[in-house]
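Trainee: So here's target25.txt (compact mmCIF, C-alpha atoms).
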```
# COMPACT_ATOMS: atom_id res chain seq x y z
CA MET A 183 -32.89 58.66 17.23
CA SER A 184 -31.59 60.49 20.30
CA LEU A 185 -28.33 58.95 21.56
CA PRO A 186 -26.46 59.49 24.86
CA GLU A 187 -24.06 62.40 25.13
CA ILE A 188 -20.45 61.68 24.19
CA VAL A 189 -18.03 62.46 27.05
CA SER A 190 -14.53 61.60 28.23
CA ARG A 191 -13.80 58.44 30.24
CA GLU A 192 -13.33 60.56 33.39
CA GLN A 193 -16.71 62.25 32.93
CA TRP A 194 -18.33 58.85 32.36
CA ARG A 195 -16.80 57.45 35.58
CA ALA A 196 -18.11 60.44 37.57
CA ALA A 197 -21.61 60.05 36.13
CA ARG A 198 -21.49 56.29 36.71
CA ALA A 199 -20.47 56.76 40.36
CA GLU A 200 -23.39 59.14 40.90
CA LEU A 201 -25.81 56.64 39.40
CA LEU A 202 -24.33 53.80 41.47
CA VAL A 203 -25.42 55.54 44.67
CA LYS A 204 -29.02 55.46 43.42
CA GLU A 205 -28.69 51.85 42.27
CA LYS A 206 -27.52 50.75 45.72
CA THR A 207 -30.47 52.59 47.25
CA VAL A 208 -32.80 50.61 44.99
CA THR A 209 -31.03 47.35 45.91
CA ARG A 210 -31.50 48.00 49.63
CA ALA A 211 -35.13 48.93 49.05
CA ARG A 212 -35.65 45.73 47.03
CA ASP A 213 -34.11 43.63 49.82
CA ALA A 214 -36.49 45.27 52.31
CA LEU A 215 -39.47 44.68 50.01
CA ASN A 216 -38.50 41.02 49.56
CA ALA A 217 -38.29 40.60 53.34
CA GLU A 218 -41.73 42.16 53.71
CA ARG A 219 -43.05 39.79 51.04
CA ARG A 220 -41.64 36.81 52.94
CA GLY A 221 -43.51 38.14 55.97
CA LEU A 222 -46.89 37.86 54.25
CA PRO A 223 -49.39 35.43 55.77
CA MET A 224 -50.40 32.36 53.76
CA VAL A 225 -53.67 30.65 52.88
CA GLU A 226 -54.23 26.90 52.93
CA VAL A 227 -55.30 25.47 49.57
CA GLU A 228 -58.10 23.04 50.31
CA GLU A 229 -59.45 22.56 46.79
CA GLU A 230 -58.54 19.30 45.03
CA TYR A 231 -57.22 20.65 41.74
CA VAL A 232 -56.53 18.10 39.01
CA PHE A 233 -54.22 18.80 36.07
CA GLU A 234 -53.07 16.85 33.04
CA GLY A 235 -49.40 16.57 32.13
CA GLY A 236 -46.92 14.29 30.42
CA ASP A 237 -47.54 11.51 32.94
CA GLY A 238 -51.32 11.83 32.93
CA LYS A 239 -53.43 13.21 35.77
CA ALA A 240 -51.69 15.17 38.53
CA THR A 241 -52.71 17.01 41.68
CA LEU A 242 -51.30 20.31 42.87
CA LEU A 243 -49.23 18.33 45.38
CA ASP A 244 -47.78 16.31 42.49
CA LEU A 245 -46.55 19.51 40.85
CA PHE A 246 -44.22 20.06 43.85
CA ASP A 247 -42.33 16.92 42.73
CA GLY A 248 -41.43 16.23 46.37
CA ARG A 249 -39.97 19.68 47.06
CA LEU A 250 -41.03 22.26 49.66
CA GLN A 251 -41.97 25.05 47.28
CA LEU A 252 -43.69 25.43 43.91
CA VAL A 253 -43.65 28.37 41.52
CA VAL A 254 -46.45 28.26 38.93
CA TYR A 255 -46.34 30.43 35.83
CA HIS A 256 -49.88 31.06 34.59
CA PHE A 257 -49.25 30.79 30.84
CA MET A 258 -51.99 32.37 28.71
CA PHE A 259 -53.29 29.66 26.41
CA ALA A 260 -57.09 29.56 26.17
CA PRO A 261 -58.80 26.33 25.04
CA GLU A 262 -59.92 27.87 21.74
CA TRP A 263 -56.46 29.19 20.81
CA ASP A 264 -54.19 27.36 18.37
CA ALA A 265 -50.96 28.53 20.03
CA GLY A 266 -49.77 29.98 23.31
CA CYS A 267 -49.44 33.69 24.06
CA ARG A 268 -46.40 35.35 22.46
CA SER A 269 -45.46 37.40 25.53
CA CYS A 270 -45.82 34.34 27.79
CA SER A 271 -43.61 32.45 25.37
CA GLY A 272 -41.00 35.17 25.71
CA PHE A 273 -41.20 34.78 29.48
CA LEU A 274 -40.63 31.01 29.37
CA ASP A 275 -37.69 31.56 27.03
CA GLN A 276 -36.00 33.44 29.89
CA ILE A 277 -36.30 30.65 32.47
CA GLY A 278 -32.89 29.24 33.33
CA HIS A 279 -31.87 25.70 34.22
CA LEU A 280 -34.37 24.39 36.78
CA ALA A 281 -31.64 22.49 38.68
CA HIS A 282 -30.72 25.74 40.45
CA LEU A 283 -34.27 26.14 41.77
CA ALA A 284 -34.47 22.45 42.66
CA ALA A 285 -31.29 22.78 44.76
CA ARG A 286 -33.23 25.22 46.91
CA GLY A 287 -36.19 22.90 47.29
CA THR A 288 -38.29 24.73 44.69
CA SER A 289 -40.11 23.32 41.66
CA PHE A 290 -41.31 25.31 38.65
CA ALA A 291 -44.22 24.54 36.35
CA ALA A 292 -46.37 26.29 33.76
CA VAL A 293 -50.15 25.87 33.83
CA SER A 294 -52.64 26.79 31.09
CA ARG A 295 -56.35 26.33 30.45
CA ALA A 296 -55.78 24.77 27.03
CA PRO A 297 -56.24 20.98 26.82
CA TYR A 298 -52.94 19.10 27.10
CA PRO A 299 -53.13 17.74 23.51
CA LYS A 300 -52.91 21.38 22.38
CA ILE A 301 -50.10 22.26 24.78
CA LEU A 302 -47.86 19.32 23.86
CA PRO A 303 -47.16 20.17 20.18
CA PHE A 304 -46.67 23.86 20.98
CA LYS A 305 -44.23 22.98 23.77
CA ALA A 306 -42.33 20.75 21.32
CA ARG A 307 -42.28 23.54 18.73
CA MET A 308 -40.78 25.94 21.29
CA GLY A 309 -38.23 23.36 22.45
CA TRP A 310 -39.07 23.80 26.14
CA THR A 311 -38.42 21.15 28.77
CA VAL A 312 -40.12 22.88 31.72
CA PRO A 313 -43.05 20.95 33.22
CA TRP A 314 -46.31 22.23 31.71
CA TYR A 315 -49.79 21.19 32.80
CA SER A 316 -53.34 21.73 31.61
CA SER A 317 -56.01 22.95 34.04
CA TYR A 318 -58.71 22.44 31.39
CA GLY A 319 -62.18 22.06 32.87
CA GLY A 320 -61.11 23.08 36.38
CA ASP A 321 -61.29 26.24 38.47
CA PHE A 322 -57.55 26.71 39.08
CA ASN A 323 -57.18 29.66 36.70
CA ARG A 324 -60.30 31.39 38.00
CA ASP A 325 -59.39 30.83 41.64
CA PHE A 326 -55.93 32.34 41.16
CA GLU A 327 -57.36 35.24 39.16
CA VAL A 328 -55.66 34.73 35.82
CA THR A 329 -58.89 33.87 33.99
CA LEU A 330 -61.37 36.68 34.57
CA GLU A 331 -64.90 37.38 33.37
CA ARG A 332 -65.33 40.78 31.72
CA ASP A 333 -68.52 41.84 29.95
CA GLY A 334 -69.70 38.24 29.93
CA GLU A 335 -66.52 36.89 28.33
CA LEU A 336 -63.55 35.03 29.76
CA VAL A 337 -60.23 36.83 29.38
CA GLU A 338 -56.72 35.68 30.23
CA ARG A 339 -53.90 37.53 31.93
CA PRO A 340 -50.38 36.34 32.75
CA GLY A 341 -49.42 35.73 36.33
CA LEU A 342 -47.21 33.81 38.71
CA SER A 343 -48.16 32.10 41.98
CA CYS A 344 -46.01 30.65 44.77
CA PHE A 345 -46.92 27.75 47.02
CA LEU A 346 -45.38 26.16 50.11
CA ARG A 347 -46.14 22.75 51.52
CA ASP A 348 -45.99 21.25 54.99
CA ARG A 349 -46.13 17.52 54.34
CA ASP A 350 -49.39 17.12 52.40
CA ARG A 351 -50.80 20.52 53.32
CA ILE A 352 -50.41 23.17 50.62
CA PHE A 353 -50.36 26.92 51.21
CA HIS A 354 -50.61 29.82 48.75
CA THR A 355 -48.04 32.44 49.73
CA TYR A 356 -47.89 34.96 46.85
CA SER A 357 -49.18 35.91 43.40
CA THR A 358 -48.33 38.67 40.94
CA TYR A 359 -49.75 39.60 37.55
CA GLU A 360 -49.01 41.45 34.32
CA ARG A 361 -46.45 44.25 35.02
CA GLY A 362 -45.55 42.46 38.26
CA LEU A 363 -43.77 39.93 36.05
CA ASP A 364 -41.34 42.53 34.67
CA GLY A 365 -37.73 41.59 35.38
CA LEU A 366 -38.53 38.02 36.47
CA GLY A 367 -37.10 34.83 35.00
CA SER A 368 -33.75 34.34 36.72
CA THR A 369 -33.36 31.86 39.57
CA THR A 370 -32.86 34.57 42.20
CA SER A 371 -35.77 36.70 40.95
CA LEU A 372 -38.12 33.73 41.27
CA LEU A 373 -36.78 32.72 44.70
CA ASP A 374 -37.30 36.31 45.89
CA LEU A 375 -41.05 35.80 45.43
CA THR A 376 -41.19 32.68 47.59
CA ALA A 377 -41.72 32.31 51.32
CA LEU A 378 -38.25 30.78 51.79
CA GLY A 379 -36.50 33.30 49.55
CA ARG A 380 -32.91 32.66 48.41
CA GLN A 381 -32.28 30.88 51.72
CA GLU A 382 -29.29 33.08 52.51
CA GLU A 383 -28.22 33.74 56.12
CA TRP A 384 -28.56 37.51 55.68
CA GLU A 385 -32.22 37.34 54.70
CA GLU A 386 -35.08 38.24 57.02
CA PRO A 387 -36.93 36.65 58.71
CA LYS A 388 -34.17 34.53 60.22
CA GLY A 389 -34.27 30.75 60.24
CA ARG A 390 -35.48 30.04 56.73
CA ALA A 391 -32.02 29.63 55.22
CA SER A 392 -31.72 26.26 56.95
CA ALA A 393 -35.17 25.03 55.87
CA LEU A 394 -33.62 22.31 53.72
CA GLY A 395 -31.03 21.27 56.28
CA ALA A 396 -28.27 22.16 53.83
CA PRO A 397 -25.71 24.98 53.42
CA ALA A 398 -27.16 28.45 52.81
CA GLY A 399 -28.19 29.52 49.31
CA SER A 400 -24.99 30.70 47.63
CA GLU A 401 -23.00 27.80 49.07
CA ARG A 402 -25.33 25.38 47.27
CA ILE A 403 -24.57 26.70 43.79
CA ARG A 404 -23.05 24.08 41.52
CA TYR A 405 -22.73 23.51 37.80
CA HIS A 406 -26.21 22.39 36.81
CA ASP A 407 -24.98 18.88 35.98
CA GLU A 408 -23.36 18.44 39.42
CA TYR A 409 -26.45 18.68 41.62
CA ASP A 410 -27.57 15.60 43.51
CA ASP A 411 -31.32 16.32 43.55
```
Represent the structure from my file as structure tokens, please.
Mentor:
Amino acid sequence: MSLPEIVSREQWRAARAELLVKEKTVTRARDALNAERRGLPMVEVEEEYVFEGGDGKATLLDLFDGRLQLVVYHFMFAPEWDAGCRSCSGFLDQIGHLAHLAARGTSFAAVSRAPYPKILPFKARMGWTVPWYSSYGGDFNRDFEVTLERDGELVERPGLSCFLRDRDRIFHTYSTYERGLDGLGSTTSLLDLTALGRQEEWEEPKGRASALGAPAGSERIRYHDEYDD
């Protein structure tokens, strides 16, 4: 195995400072890309999707749980499989406490094609508490391009979609798939994909930080048991 070169502390500091310049360049480029993403147009979702979850039937509007935004993780779990995808399971393992998303008016849910009676025991086995719904028998997965037809067969791919609502109207704002999921899982990384972003005053376009009528993003951070949802 090839290991890094061994150097003095002074040499390490010099090399680290040189790399930091490049890291800050990437950070500024990422901020600009996130702003451009928030500037994307959106599409109204007019289809009446129906899911099944722990409380029975649910609509896409129900998945918002009363909040302004919804992030859906398209978890690969085909109806004929006995367990969920291993890489998707690794992704859900990374998801932090959902109270931090909720404080920014954003809900999170996983959706799979497998029937809910198959999802429930696997979710219990994994010890997850995130909301997870079945889209079995519906077109949700096809419409959001995570279930594709190739050579006459249905294939799954992982993905993530973001939605925004205006009262009872729902809009699709963003989706990403496969390698686009790399590095996601933290609260800020998920918020960066949404139309409202982190809701910080420095973010572009201006005006979205006050969408919830509350202090800007970082000022809302609490211990997860102190939020008043």
Trainee: Region 330-345 of chain A: which residues within 7 Å, counting only C-alpha atoms, same-chain residues fewer than 2 positions away excluded, as a list in words?
Mentor: Gln251, Leu252, Val253, Val254, Tyr255, His256, Phe257, Met258, Arg324, Glu327, Val328, Arg347, Ile352, Phe353, His354, Thr355, Tyr356, Ser357, Thr358, Tyr359, Glu360 and Thr376 of chain A
Trainee: Check the smallest atom-to-atom distance from each of A:Ala391, A:Phe273, A:Asp350, A:Pro261 to Gly379 (chain A) using all atoms listed in the file, then report the winner.
Mentor: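 Among the listed residues, A:Ala391 lies closest to Gly379 (chain A).
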Trainee: Quick one: distance from CA of Arg295 (chain A) to CA of Cys270 (chain A) in Å, one decimal?
Mentor: 13.5 Å
Trainee: Identify which of the residues A:Thr329, A:Leu283, A:Ser294, A:Leu378 lies closest to His406 (chain A), counting all atoms listed in the file when measuring atom-to-atom distances.
Mentor: A:Leu283
Trainee: So, counting only C-alpha atoms, which residue among A:Ser316, A:Thr369, A:Thr207, A:Thr241 is closest to Ala281 (chain A)?
Mentor: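 For Ala281 (chain A), the nearest of the given residues is A:Thr369.
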Trainee: From the list A:Ser317, A:Thr209, A:Asn323, A:Thr370, which residue is nearest Leu280 (chain A) when using only C-alpha atoms?
Mentor: A:Thr370
Trainee: Between CA of Gly309 (chain A) and CA of Asp275 (chain A), what is the distance, to one decimal in Å?
Mentor: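 One can read the CA of Gly309 (chain A) to CA of Asp275 (chain A) distance as 9.4 Å.
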Trainee: Taking all atoms listed in the file into account, which of A:Val293, A:Ala217, A:Ala265, A:Ile277 comes nearest Ala377 (chain A)?
Mentor: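 Looking at the shortest contact to Ala377 (chain A), the residue is A:Ala217.
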Trainee: Could you work out an axis-aligned bounding box for all listed atoms of region 369-382 of chain A, with 6 Å added on each of the six sides, and give its centre and edge lengths in Å to one decimal, as lines of an AutoDock Vina configuration file?
Mentor:
```
center_x = -35.5
center_y = 33.7
center_z = 46.0
size_x = 24.4
size_y = 17.9
size_z = 24.9
```
Trainee: Sorted by chain and rising residue number, which residues of region 290-375 of chain A lie within 12 Å of region 212-216 of chain A, and what are their closest atom pairs and distances in Å to one decimal, counting all atoms listed in the file, as JSON lines?
Mentor:
```
{"residue": "A:Tyr356", "atom": "CA", "partner": "A:Asn216", "partner_atom": "CA", "distance": 11.5}
{"residue": "A:Thr370", "atom": "CA", "partner": "A:Asn216", "partner_atom": "CA", "distance": 11.3}
{"residue": "A:Ser371", "atom": "CA", "partner": "A:Asn216", "partner_atom": "CA", "distance": 10.0}
{"residue": "A:Leu372", "atom": "CA", "partner": "A:Asn216", "partner_atom": "CA", "distance": 11.0}
{"residue": "A:Leu373", "atom": "CA", "partner": "A:Asn216", "partner_atom": "CA", "distance": 9.8}
{"residue": "A:Asp374", "atom": "CA", "partner": "A:Asn216", "partner_atom": "CA", "distance": 6.1}
{"residue": "A:Leu375", "atom": "CA", "partner": "A:Asn216", "partner_atom": "CA", "distance": 7.1}
```
Trainee: Name the residues in contact with His282 (chain A) at a cut-off of 12 Å, using only C-alpha atoms, excluding same-chain residues fewer than 4 positions from it; report them as a list in words.
Mentor: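 Selected residues are Ile277, Gly278, Arg286, Gly287, Thr288, Ser289, Phe290, Ser368, Thr369, Thr370, Leu372, Leu373, Arg380, Gly399, Ser400, Glu401, Arg402, Ile403, Arg404, Tyr405, His406, Asp407, Glu408, Tyr409, Asp410 and Asp411 of chain A.
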Trainee: Using all atoms listed in the file, find the one residue out of A:Pro297, A:Val227, A:Val208, A:Glu262 that sits nearest to Leu242 (chain A).
Mentor: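 Under the stated criterion, the closest residue is A:Val227.
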Trainee: Report, in Å to a single decimal, how far apart CA of Gly365 (chain A) and CA of His279 (chain A) are.
Mentor: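 Atom-to-atom, CA of His279 (chain A) and CA of Gly365 (chain A) are spaced 17.0 Å apart.
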Trainee: Taking the structure in the block just given, could you write region 264-275 of chain A with N, CA, C and O atoms, as a compact mmCIF listing (two decimals), in the first residue's frame?
Mentor:
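Result file is part.txt:
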```
# COMPACT_ATOMS: atom_id res chain seq x y z
N ASP A 264 -36.34 -9.34 -1.63
CA ASP A 264 -36.62 -9.69 -0.23
C ASP A 264 -36.06 -8.66 0.75
O ASP A 264 -36.42 -8.67 1.93
N ALA A 265 -35.17 -7.80 0.27
CA ALA A 265 -34.57 -6.78 1.13
C ALA A 265 -34.22 -5.57 0.28
O ALA A 265 -34.12 -5.66 -0.96
N GLY A 266 -34.03 -4.43 0.94
CA GLY A 266 -33.67 -3.21 0.23
C GLY A 266 -32.23 -3.22 -0.25
O GLY A 266 -31.40 -4.02 0.20
N CYS A 267 -31.94 -2.32 -1.17
CA CYS A 267 -30.60 -2.17 -1.74
C CYS A 267 -29.57 -1.86 -0.64
O CYS A 267 -29.83 -1.06 0.26
N ARG A 268 -28.40 -2.48 -0.75
CA ARG A 268 -27.36 -2.26 0.26
C ARG A 268 -26.81 -0.83 0.20
O ARG A 268 -26.59 -0.20 1.24
N SER A 269 -26.57 -0.31 -1.01
CA SER A 269 -26.01 1.04 -1.10
C SER A 269 -27.04 2.08 -0.64
O SER A 269 -26.69 3.07 0.01
N CYS A 270 -28.32 1.86 -0.95
CA CYS A 270 -29.37 2.76 -0.47
C CYS A 270 -29.47 2.69 1.06
O CYS A 270 -29.73 3.70 1.72
N SER A 271 -29.25 1.51 1.60
CA SER A 271 -29.27 1.36 3.06
C SER A 271 -28.14 2.15 3.69
O SER A 271 -28.31 2.80 4.73
N GLY A 272 -26.97 2.11 3.04
CA GLY A 272 -25.86 2.92 3.53
C GLY A 272 -26.17 4.40 3.49
O GLY A 272 -25.77 5.14 4.38
N PHE A 273 -26.91 4.82 2.46
CA PHE A 273 -27.29 6.23 2.37
C PHE A 273 -28.21 6.62 3.52
O PHE A 273 -28.00 7.64 4.18
N LEU A 274 -29.25 5.81 3.78
CA LEU A 274 -30.17 6.14 4.87
C LEU A 274 -29.48 6.13 6.22
O LEU A 274 -29.86 6.88 7.12
N ASP A 275 -28.46 5.29 6.37
CA ASP A 275 -27.70 5.27 7.62
C ASP A 275 -27.04 6.62 7.90
O ASP A 275 -26.73 6.94 9.05
```
